[in-house]
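The data block below is coords27.txt; it holds compact mmCIF, C-alpha atoms and all ligand atoms.
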```
# COMPACT_ATOMS: atom_id res chain seq x y z
CA MET A 124 -11.17 -33.34 -18.11
CA THR A 125 -11.54 -30.55 -15.55
CA GLN A 126 -13.23 -31.77 -12.38
CA HIS A 127 -13.53 -28.38 -10.78
CA ASP A 128 -15.18 -25.09 -11.55
CA VAL A 129 -12.62 -22.73 -13.14
CA PHE A 130 -13.20 -18.99 -12.89
CA ASP A 131 -11.90 -16.44 -15.40
CA THR A 132 -10.68 -14.24 -12.61
CA THR A 133 -10.46 -14.43 -8.83
CA ILE A 134 -10.20 -11.24 -6.86
CA ILE A 135 -8.41 -11.42 -3.54
CA GLY A 136 -9.84 -8.79 -1.21
CA GLY A 137 -13.37 -7.46 -0.95
CA GLY A 138 -12.57 -3.87 -0.02
CA PRO A 139 -13.75 -0.95 -2.17
CA VAL A 140 -11.21 -1.74 -4.87
CA GLY A 141 -11.87 -5.50 -5.00
CA LEU A 142 -15.61 -4.85 -5.09
CA PHE A 143 -15.28 -2.46 -7.98
CA ALA A 144 -12.96 -4.89 -9.78
CA ALA A 145 -15.63 -7.58 -9.30
CA PHE A 146 -18.29 -5.34 -10.83
CA TYR A 147 -16.08 -4.40 -13.76
CA ALA A 148 -14.90 -7.95 -14.41
CA GLY A 149 -18.52 -9.13 -14.43
CA MET A 150 -19.48 -6.26 -16.71
CA ARG A 151 -16.75 -7.39 -19.09
CA GLY A 152 -18.21 -10.88 -19.10
CA LEU A 153 -15.67 -12.61 -16.85
CA LYS A 154 -16.79 -15.39 -14.55
CA THR A 155 -15.61 -13.85 -11.30
CA LYS A 156 -15.01 -14.89 -7.73
CA ILE A 157 -14.10 -12.65 -4.84
CA ILE A 158 -12.35 -13.96 -1.71
CA ASP A 159 -11.92 -12.11 1.58
CA SER A 160 -10.54 -13.24 4.90
CA LEU A 161 -13.04 -11.08 6.80
CA PRO A 162 -16.60 -12.30 7.33
CA GLU A 163 -17.98 -9.13 5.68
CA LEU A 164 -17.27 -7.29 2.44
CA GLY A 165 -16.06 -3.67 2.61
CA GLY A 166 -12.38 -3.87 3.62
CA GLN A 167 -10.99 -1.07 5.77
CA LEU A 168 -14.18 0.96 5.44
CA ILE A 169 -16.26 -1.58 7.27
CA ALA A 170 -13.56 -2.96 9.58
CA VAL A 171 -11.89 0.28 10.60
CA TYR A 172 -14.07 3.34 9.99
CA PRO A 173 -17.71 2.50 9.17
CA GLU A 174 -19.00 5.62 10.91
CA LYS A 175 -16.66 8.12 9.29
CA TYR A 176 -17.54 10.39 6.41
CA ILE A 177 -15.54 10.19 3.20
CA TYR A 178 -15.38 13.47 1.29
CA ASP A 179 -13.32 12.63 -1.78
CA ILE A 180 -15.53 10.26 -3.74
CA ALA A 181 -16.37 11.99 -7.00
CA GLY A 182 -20.05 12.86 -7.19
CA PHE A 183 -20.72 12.47 -3.45
CA PRO A 184 -20.01 15.60 -1.37
CA LYS A 185 -19.81 13.32 1.67
CA VAL A 186 -20.73 9.74 2.29
CA LEU A 187 -20.57 7.57 5.42
CA ALA A 188 -18.11 4.71 4.90
CA LYS A 189 -20.74 2.10 5.76
CA ASP A 190 -23.20 3.65 3.27
CA TYR A 191 -20.51 3.68 0.60
CA VAL A 192 -19.91 -0.02 1.30
CA LYS A 193 -23.63 -0.78 0.97
CA GLY A 194 -23.59 0.63 -2.56
CA ALA A 195 -20.20 -0.89 -3.37
CA VAL A 196 -21.38 -4.38 -2.36
CA GLU A 197 -24.59 -4.04 -4.36
CA GLN A 198 -22.61 -2.88 -7.39
CA GLY A 199 -19.78 -5.39 -6.86
CA LEU A 200 -22.09 -8.39 -6.84
CA SER A 201 -24.50 -7.05 -9.48
CA THR A 202 -22.68 -8.58 -12.42
CA GLY A 203 -22.47 -12.11 -11.03
CA ALA A 204 -19.33 -12.28 -8.88
CA VAL A 205 -19.40 -15.13 -6.37
CA PRO A 206 -18.28 -14.03 -2.87
CA CYS A 207 -16.28 -16.41 -0.63
CA LEU A 208 -15.95 -14.82 2.80
CA GLY A 209 -13.95 -15.79 5.86
CA GLU A 210 -11.25 -17.35 3.66
CA SER A 211 -7.65 -16.25 3.62
CA ALA A 212 -5.59 -16.75 0.44
CA GLN A 213 -2.55 -18.92 1.11
CA THR A 214 -0.87 -20.36 -2.00
CA LEU A 215 -0.97 -19.81 -5.75
CA THR A 216 0.25 -22.56 -8.10
CA TRP A 217 0.17 -22.58 -11.90
CA LEU A 218 -1.07 -25.92 -13.23
CA PRO A 219 0.58 -26.08 -16.68
CA GLU A 220 -1.44 -29.01 -17.98
CA ALA A 221 -4.73 -27.47 -16.95
CA GLY A 222 -3.69 -23.98 -18.07
CA HIS A 223 -4.93 -22.25 -14.94
CA TYR A 224 -4.00 -21.50 -11.35
CA ARG A 225 -4.90 -23.32 -8.17
CA LEU A 226 -5.45 -20.82 -5.39
CA THR A 227 -5.69 -22.29 -1.93
CA THR A 228 -7.20 -20.64 1.10
CA ASP A 229 -7.37 -21.87 4.67
CA LYS A 230 -10.76 -23.36 3.76
CA ALA A 231 -10.80 -24.51 0.13
CA ASP A 232 -9.08 -24.82 -3.25
CA HIS A 233 -10.13 -22.43 -6.02
CA TYR A 234 -9.30 -22.61 -9.73
CA THR A 235 -8.83 -19.54 -11.82
CA ARG A 236 -7.28 -18.37 -15.08
CA THR A 237 -6.29 -14.96 -13.76
CA VAL A 238 -5.98 -13.31 -10.36
CA ILE A 239 -6.49 -9.70 -9.33
CA ILE A 240 -4.96 -8.98 -5.93
CA CYS A 241 -6.82 -6.19 -4.10
CA ALA A 242 -5.62 -7.18 -0.64
CA GLY A 243 -5.14 -3.64 0.71
CA VAL A 244 -2.64 -3.68 3.51
CA GLY A 245 -2.97 -7.45 3.77
CA SER A 246 -4.64 -9.07 6.69
CA PHE A 247 -4.69 -6.35 9.27
CA GLU A 248 -4.87 -6.39 13.03
CA PRO A 249 -5.16 -3.39 15.32
CA LYS A 250 -2.00 -2.78 17.37
CA ARG A 251 -2.70 -3.77 20.96
CA LEU A 252 -2.23 -1.41 23.90
CA GLU A 253 -0.04 -3.08 26.46
CA ALA A 254 -1.12 -1.85 29.89
CA PRO A 255 -2.52 -3.73 32.87
CA GLY A 256 -6.24 -4.46 32.54
CA VAL A 257 -6.55 -3.59 28.84
CA ARG A 258 -6.88 -7.18 27.61
CA GLU A 259 -9.20 -8.07 30.46
CA PHE A 260 -11.67 -5.31 29.51
CA GLU A 261 -11.59 -5.93 25.73
CA GLY A 262 -15.24 -6.16 24.72
CA ARG A 263 -16.22 -4.77 28.14
CA GLY A 264 -15.49 -1.13 27.44
CA VAL A 265 -12.13 -1.40 25.66
CA THR A 266 -12.49 -1.33 21.88
CA TYR A 267 -10.15 -1.26 18.88
CA LEU A 268 -12.75 -1.09 16.11
CA VAL A 269 -15.71 1.25 16.31
CA ARG A 270 -18.83 -0.28 14.77
CA SER A 271 -21.40 2.32 15.77
CA LEU A 272 -21.08 5.76 17.33
CA GLU A 273 -24.25 5.09 19.32
CA GLU A 274 -22.18 2.85 21.61
CA PHE A 275 -20.68 6.02 23.07
CA ARG A 276 -23.83 8.04 23.70
CA ASP A 277 -23.82 9.57 27.22
CA LYS A 278 -20.60 7.76 28.16
CA ASP A 279 -17.26 9.04 29.42
CA VAL A 280 -14.92 8.13 26.60
CA VAL A 281 -11.12 8.02 26.60
CA ILE A 282 -9.36 7.72 23.24
CA VAL A 283 -5.70 6.79 22.86
CA GLY A 284 -3.63 7.76 19.82
CA GLY A 285 -2.51 10.74 17.76
CA GLY A 286 -3.04 9.80 14.13
CA ASP A 287 -6.03 10.40 11.83
CA SER A 288 -8.11 7.62 13.38
CA ALA A 289 -7.74 8.80 16.97
CA VAL A 290 -8.37 12.46 16.10
CA ASP A 291 -11.33 11.66 13.82
CA TRP A 292 -12.91 9.42 16.47
CA ALA A 293 -12.53 12.15 19.08
CA LEU A 294 -14.27 14.63 16.76
CA ALA A 295 -17.03 12.15 15.95
CA VAL A 296 -17.61 11.00 19.53
CA TYR A 297 -17.64 14.23 21.55
CA PRO A 298 -21.03 15.55 20.35
CA LEU A 299 -22.84 12.55 21.81
CA ALA A 300 -20.54 11.46 24.66
CA ARG A 301 -20.79 12.82 28.21
CA SER A 302 -17.06 13.56 28.15
CA THR A 303 -14.27 12.86 25.66
CA THR A 304 -10.59 12.73 26.57
CA LEU A 305 -7.77 12.18 24.10
CA VAL A 306 -4.47 10.81 25.40
CA HIS A 307 -1.34 10.75 23.28
CA ARG A 308 2.35 10.33 23.94
CA SER A 309 3.65 12.57 21.18
CA LYS A 310 2.53 15.33 18.73
CA PHE A 311 -0.63 14.79 16.67
CA ARG A 312 0.09 13.32 13.25
CA ALA A 313 -3.42 13.78 11.89
CA HIS A 314 -4.62 16.03 9.07
CA GLU A 315 -3.92 19.70 9.95
CA ARG A 316 -7.58 20.74 9.62
CA SER A 317 -8.72 17.95 11.96
CA VAL A 318 -6.09 18.87 14.55
CA GLN A 319 -7.29 22.50 14.43
CA GLN A 320 -10.91 21.31 14.87
CA LEU A 321 -9.76 19.22 17.81
CA HIS A 322 -8.18 22.22 19.51
CA ASP A 323 -11.39 24.20 18.94
CA SER A 324 -13.53 21.39 20.39
CA PRO A 325 -14.40 20.53 24.01
CA VAL A 326 -12.30 17.35 23.83
CA ALA A 327 -9.89 17.25 26.81
CA LEU A 328 -6.38 16.82 25.43
CA TYR A 329 -3.54 15.16 27.33
CA TYR A 330 -0.37 15.22 25.22
CA PRO A 331 2.56 14.92 24.70
CA PHE A 332 4.08 12.33 27.04
CA TYR A 333 0.76 10.98 28.34
CA GLU A 334 0.19 7.23 28.29
CA VAL A 335 -2.36 4.82 29.70
CA LYS A 336 -0.92 3.22 32.82
CA GLU A 337 -3.80 0.98 33.80
CA VAL A 338 -7.51 0.38 33.22
CA ARG A 339 -9.82 -0.66 36.03
CA GLY A 340 -13.39 -1.75 36.57
CA ASN A 341 -15.63 -4.58 37.70
CA ALA A 342 -18.04 -6.19 35.26
CA TRP A 343 -17.41 -3.25 32.89
CA LEU A 344 -14.64 -0.67 32.47
CA GLU A 345 -14.88 2.13 35.04
CA GLU A 346 -11.59 4.04 35.09
CA VAL A 347 -8.58 4.77 32.94
CA VAL A 348 -5.38 5.72 34.77
CA VAL A 349 -3.08 7.93 32.72
CA HIS A 350 0.41 9.13 33.58
CA GLN A 351 2.77 11.80 32.30
CA THR A 352 5.88 9.82 31.46
CA ARG A 353 8.33 12.69 32.18
CA THR A 354 6.93 13.93 35.49
CA GLY A 355 5.17 10.80 36.72
CA GLU A 356 1.98 12.85 37.33
CA GLU A 357 -1.04 10.54 37.42
CA ARG A 358 -4.67 11.22 36.48
CA VAL A 359 -7.67 8.96 36.83
CA PHE A 360 -10.50 9.45 34.34
CA PRO A 361 -13.91 7.88 34.84
CA ALA A 362 -14.55 5.94 31.62
CA GLN A 363 -17.11 3.47 30.34
CA ALA A 364 -15.35 3.34 26.97
CA LEU A 365 -11.72 3.30 25.91
CA ILE A 366 -11.06 3.52 22.17
CA VAL A 367 -7.53 2.42 21.28
CA ALA A 368 -6.49 3.88 17.91
CA ILE A 369 -2.72 3.44 17.81
CA GLY A 370 -2.52 1.96 14.34
CA PHE A 371 -2.66 -1.35 12.56
CA ALA A 372 -0.09 -4.05 11.96
CA ALA A 373 -0.48 -5.20 8.40
CA ASP A 374 1.09 -8.12 6.66
CA LEU A 375 0.72 -9.62 3.21
CA GLY A 376 1.57 -12.91 4.88
CA PRO A 377 1.48 -15.87 2.50
CA LEU A 378 1.22 -13.61 -0.58
CA LYS A 379 4.90 -12.81 -0.03
CA THR A 380 5.83 -16.35 -1.05
CA TRP A 381 4.12 -16.18 -4.47
CA GLY A 382 7.14 -14.81 -6.34
CA LEU A 383 5.73 -11.28 -6.58
CA THR A 384 8.07 -8.31 -6.31
CA ILE A 385 7.41 -6.83 -2.88
CA GLU A 386 8.59 -3.43 -1.67
CA ARG A 387 7.75 -2.46 1.92
CA ASN A 388 4.67 -4.71 2.14
CA ASN A 389 3.41 -3.55 -1.30
CA ILE A 390 3.31 -5.38 -4.62
CA VAL A 391 5.25 -3.69 -7.40
CA VAL A 392 3.14 -3.36 -10.57
CA ASP A 393 3.45 -1.81 -13.99
CA PRO A 394 0.98 1.10 -13.68
CA ARG A 395 0.15 0.93 -17.40
CA THR A 396 -1.35 -2.56 -16.99
CA MET A 397 -1.40 -3.25 -13.22
CA ALA A 398 0.45 -6.47 -14.07
CA THR A 399 2.63 -8.04 -11.41
CA GLY A 400 5.60 -10.13 -12.51
CA LEU A 401 3.44 -13.31 -12.61
CA PRO A 402 1.58 -14.10 -15.83
CA GLY A 403 -2.14 -13.37 -15.50
CA VAL A 404 -1.76 -11.96 -12.01
CA PHE A 405 -2.73 -8.31 -11.63
CA ALA A 406 -3.10 -6.09 -8.56
CA ALA A 407 -4.85 -2.84 -7.65
CA GLY A 408 -5.60 -0.58 -4.70
CA ASP A 409 -3.68 -0.01 -1.49
CA VAL A 410 -1.68 -3.20 -1.99
CA VAL A 411 0.26 -1.89 -4.99
CA THR A 412 3.19 0.43 -5.41
CA TYR A 413 4.56 2.28 -8.43
CA PRO A 414 6.07 5.75 -8.82
CA GLY A 415 3.37 8.32 -8.03
CA LYS A 416 0.96 5.92 -6.26
CA PHE A 417 -1.79 7.47 -4.07
CA LYS A 418 -3.49 5.23 -1.51
CA LEU A 419 -7.03 6.43 -2.07
CA ILE A 420 -10.30 4.80 -3.08
CA ALA A 421 -10.57 6.95 -6.20
CA THR A 422 -7.16 5.92 -7.53
CA GLY A 423 -7.68 2.28 -6.49
CA VAL A 424 -10.89 1.89 -8.46
CA ALA A 425 -9.24 3.42 -11.53
CA GLU A 426 -6.44 0.85 -11.17
CA ALA A 427 -9.09 -1.88 -10.92
CA ILE A 428 -10.42 -0.90 -14.36
CA THR A 429 -6.92 -1.12 -15.82
CA ALA A 430 -6.28 -4.48 -14.14
CA VAL A 431 -9.57 -5.99 -15.33
CA ASN A 432 -9.17 -4.74 -18.91
CA HIS A 433 -5.70 -6.27 -19.10
CA ALA A 434 -6.95 -9.52 -17.55
CA VAL A 435 -9.60 -9.64 -20.31
CA VAL A 436 -6.93 -9.32 -23.01
CA HIS A 437 -4.69 -11.81 -21.21
CA LEU A 438 -7.55 -14.32 -21.38
CA ASP A 439 -8.42 -13.49 -24.99
CA PRO A 440 -5.77 -11.54 -26.90
CA SER A 441 -8.35 -10.74 -29.61
CA ALA A 442 -10.64 -8.98 -27.08
CA ARG A 443 -10.90 -5.20 -26.96
CA LEU A 444 -8.79 -3.67 -24.21
CA ASP A 445 -11.18 -0.78 -23.73
CA ALA A 446 -14.74 -1.85 -22.93
CA GLY A 447 -16.14 1.56 -23.83
CA HIS A 448 -18.75 3.32 -21.72
CA SER A 449 -20.67 1.43 -19.05
CA THR A 450 -23.87 3.10 -20.30
CA ASN A 451 -23.56 1.10 -23.53
CA VAL A 452 -22.05 -2.11 -22.09
CA MET A 453 -24.65 -2.49 -19.34
CA GLU A 454 -27.57 -1.65 -21.67
CA LYS A 455 -26.35 -4.35 -24.03
CA ARG A 456 -26.05 -6.85 -21.14
CA GLU A 457 -29.58 -6.02 -20.01
CA ARG A 458 -30.98 -6.39 -23.56
CA THR A 459 -29.21 -9.78 -23.89
CA ALA A 460 -30.59 -10.94 -20.53
CA VAL A 461 -34.16 -9.91 -21.52
CA SER A 462 -34.00 -11.67 -24.91
CA ALA A 463 -32.65 -14.83 -23.21
CA ASP A 464 -35.68 -14.94 -20.85
C1 LIG A 501 -9.29 5.98 9.11
C2 LIG A 501 -9.16 5.94 7.61
C3 LIG A 501 -9.77 6.94 6.86
C4 LIG A 501 -9.67 6.92 5.46
N1 LIG A 501 -10.28 7.91 4.74
C5 LIG A 501 -10.21 7.89 3.38
C6 LIG A 501 -10.84 8.91 2.59
O1 LIG A 501 -11.43 9.84 3.13
N2 LIG A 501 -10.74 8.81 1.23
C7 LIG A 501 -10.08 7.80 0.58
O2 LIG A 501 -10.05 7.74 -0.64
N3 LIG A 501 -9.46 6.83 1.33
C8 LIG A 501 -9.49 6.86 2.68
N4 LIG A 501 -8.85 5.90 3.41
C9 LIG A 501 -8.06 4.86 2.67
C10 LIG A 501 -8.99 3.83 2.05
O3 LIG A 501 -9.77 3.21 3.07
C11 LIG A 501 -8.16 2.80 1.32
O4 LIG A 501 -7.47 3.46 0.28
C12 LIG A 501 -9.06 1.72 0.74
O5 LIG A 501 -9.73 1.00 1.75
C13 LIG A 501 -8.23 0.75 -0.11
O6 LIG A 501 -9.09 -0.21 -0.61
P1 LIG A 501 -8.58 -1.66 -1.00
O7 LIG A 501 -9.79 -2.37 -1.52
O8 LIG A 501 -7.37 -1.54 -1.85
O9 LIG A 501 -8.08 -2.31 0.37
P2 LIG A 501 -8.82 -2.63 1.75
O10 LIG A 501 -9.94 -1.71 2.02
O11 LIG A 501 -7.72 -2.70 2.75
O12 LIG A 501 -9.42 -4.08 1.52
C14 LIG A 501 -8.56 -5.19 1.36
C15 LIG A 501 -9.30 -6.45 1.71
O13 LIG A 501 -8.45 -7.56 1.39
C16 LIG A 501 -8.62 -8.56 2.37
N5 LIG A 501 -7.43 -9.42 2.40
C17 LIG A 501 -6.16 -9.07 2.68
N6 LIG A 501 -5.33 -10.12 2.59
C18 LIG A 501 -6.12 -11.18 2.23
C19 LIG A 501 -5.88 -12.55 2.00
N7 LIG A 501 -4.63 -13.08 2.08
N8 LIG A 501 -6.91 -13.36 1.67
C20 LIG A 501 -8.17 -12.86 1.59
N9 LIG A 501 -8.46 -11.56 1.81
C21 LIG A 501 -7.45 -10.73 2.11
C22 LIG A 501 -8.80 -7.78 3.67
O14 LIG A 501 -9.49 -8.56 4.62
C23 LIG A 501 -9.63 -6.57 3.19
O15 LIG A 501 -11.02 -6.79 3.34
C24 LIG A 501 -8.93 5.89 4.81
C25 LIG A 501 -8.32 4.88 5.56
C26 LIG A 501 -8.43 4.91 6.95
C27 LIG A 501 -7.76 3.82 7.75
```

Would it be possible to restate this file's structure as structure tokens?
Amino acid sequence: MTQHDVFDTTIIGGGPVGLFAAFYAGMRGLKTKIIDSLPELGGQLIAVYPEKYIYDIAGFPKVLAKDYVKGAVEQGLSTGAVPCLGESAQTLTWLPEAGHYRLTTDKADHYTRTVIICAGVGSFEPKRLEAPGVREFEGRGVTYLVRSLEEFRDKDVVIVGGGDSAVDWALAVYPLARSTTLVHRSKFRAHERSVQQLHDSPVALYYPFYEVKEVRGNAWLEEVVVHQTRTGEERVFPAQALIVAIGFAADLGPLKTWGLTIERNNIVVDPRTMATGLPGVFAAGDVVTYPGKFKLIATGVAEAITAVNHAVVHLDPSARLDAGHSTNVMEKRERTAVSAD
């Protein structure tokens, strides 16, 4: 006899793709759990760029990442998925006698018939800037993750980095900051249009070959010392905020030991089914790779539909692969719920 609660599917990762998978799995009648190592749902959108606009969500000309997450969480949990937050997936073991998997996290054991991995880039950590004083002023002016633009109102802000994040933060911050300075050691690697906007903006640009040499202050950050690595020229900028946006180190960590086929930190899937090599284990979103893969929310949520539909058929080979239109499925669910009351 089973002593524990067994779920039809467990989704690893509560980013936009995992949340949509949770909605869809619930809509298809699966008893669903969603596990995320972060304390909040929303994935990269909430952890990395809550205050940025997203322009390529069909039907929304532009939407703030944190507003998108609000809707995605409401939708993701609307069909009954159980969220387990602050838990990092560690091991996956098939229990042949029970006919389901045991999925362990650093906090608990979970039991599930199928798994849908939506782990994005894996557990991610911002890359640290190694310069004297930076660690000391973390949380006292030095920040790696921007939670609210308001933090920078009327401040002197220095931003480090040359990719999309650094450039986008500079463009978002300068209208409300007292001064905005962008420091980068190489050429900008951001989207061409953003780089052009940056050049047209009042943001002070120090690149290439400029690096942070030291940060100084007392109770709070007061100055950022920058140097030109070729000439040795030094500049001191007054700063009450330093945003470090030099990228993220991402690692699938324990998922790499599950017997999945991994290529450059991505799980190889069959794009027709989103199946991994493990029976009943599917994957979707940024974590997957296949020929022609795009790492976008729009493509990830489409993959989530494919993964869920194939998980449904894996669980019950007589089930329909295609659920049909949500307009009909959800109306039917609502009618059933009303008649059960
Ligand atoms: C600055 C920036 C701007 C972007 N702009 C756009 C844009 O305009 N349009 C667009 O379509 N895309 C954009 N993207 C990309 C988009 O954010 C990703 O494609 C999207 O977040 C992928 O969603 P996901 O759910 O697959 O993964 P993620 O959002 O990465 O979520 C994965 C989740 O899995 C969790 N996780 C990982 N490993 C484990 C584990 N072992 N156990 C438990 N939980 C785990 C993580 O904590 C995370 O919450 C942008 C990305 C960045 C960084």

Any residue with an atom at most 7 Å from ligand LIG 501 (chain A) counts, using only C-alpha atoms and all ligand atoms. Which are they? Put them as a PyMOL selection string. chain A and resi 135-141+158-161+164-168+171-172+176-180+210-213+241-246+287-288+375-378+407-410+418-421+423

Which polymer residues have any atom within 10 Å of an atom of Thr396 of chain A, counting all atoms listed in the file, with same-chain residues fewer than 2 positions away left out, as a VMD selection string? chain A and resid 392 to 394 398 to 399 405 to 407 426 to 434

Show me, as a ChimeraX atom specification, the residues that have an atom within 12 Å of segment 446-457 of chain A when counting only C-alpha atoms, minus same-chain residues fewer than 2 positions from it. /A:146-152,201-203,428-429,431-433,435-436,442-444,459-464

Once 3 Å is added on each side, what are the centre and the three edge lengths, in Å to one decimal, of the axis-aligned box enclosing the listed atoms of segment 401-415 of chain A? Present them as JSON.
```
{"center_x": 0.2, "center_y": -2.9, "center_z": -8.7, "size_x": 17.7, "size_y": 28.4, "size_z": 20.3}
```

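The interatomic distance for the pair atom CA of Val404 of chain A and atom CA of Thr214 of chain A works out to 13.1 Å.
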
Separation of atom CA of Glu163 of chain A from atom CA of Thr132 of chain A in Å: 20.3 Å

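Across the structure, atom CA of Ala327 of chain A and atom CA of Lys189 of chain A are spaced 28.1 Å apart.
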
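Using only C-alpha atoms, the protein and nucleic acid residues lying no more than 7 Å from Thr303 of chain A, apart from those fewer than 4 places from it along its own chain, are Asp279, Val280, Val281, Ala293, Tyr297, Val326 and Ala327 of chain A.
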
For Thr155 of chain A, which residue out of A:Gly194, A:Asp277, A:Thr235, A:Glu220 is the nearest one, using all atoms listed in the file?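 Looking at the shortest contact to Thr155 of chain A, the residue is A:Thr235.
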
When distances are computed from only C-alpha atoms, which of A:Ile282, A:Met397, A:Pro440, A:Leu272 shows the smallest separation from Val424 of chain A?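 Of A:Ile282, A:Met397, A:Pro440, A:Leu272, the one nearest Val424 of chain A, counting only C-alpha atoms, is A:Met397.
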
Local residues around (-15.9, 0.5, 15.6), at most 7 Å away, using all atoms listed in the file, as a VMD selection string: chain A and resid 171 to 173 267 to 271

Leu218 of chain A proximity check over A:Gly264, A:Val129, A:Ala289, A:Ser324, using only C-alpha atoms: winner is A:Val129

Applying 12 Å and only C-alpha atoms, which residues near Glu315 of chain A remain after dropping the ones on its own chain fewer than 3 positions away? List them as a list of chain:residue names.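 The residues satisfying every condition are A:Gly285, A:Gly286, A:Asp287, A:Val290, A:Asp291, A:Lys310, A:Phe311, A:Arg312, A:Val318, A:Gln319, A:Gln320, A:Leu321, A:His322.
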
With all atoms listed in the file as the basis for distance, which of A:Val349, A:Val283, A:Ala170, A:Val359 is at the shortest distance from Ala188 of chain A?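 Using all atoms listed in the file, the shortest distance to Ala188 of chain A belongs to A:Ala170.
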
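Take the candidates A:Phe371, A:Lys379, A:Leu401, A:Phe332 and check each one against Phe247 of chain A using only C-alpha atoms; the shortest distance goes to A:Phe371.
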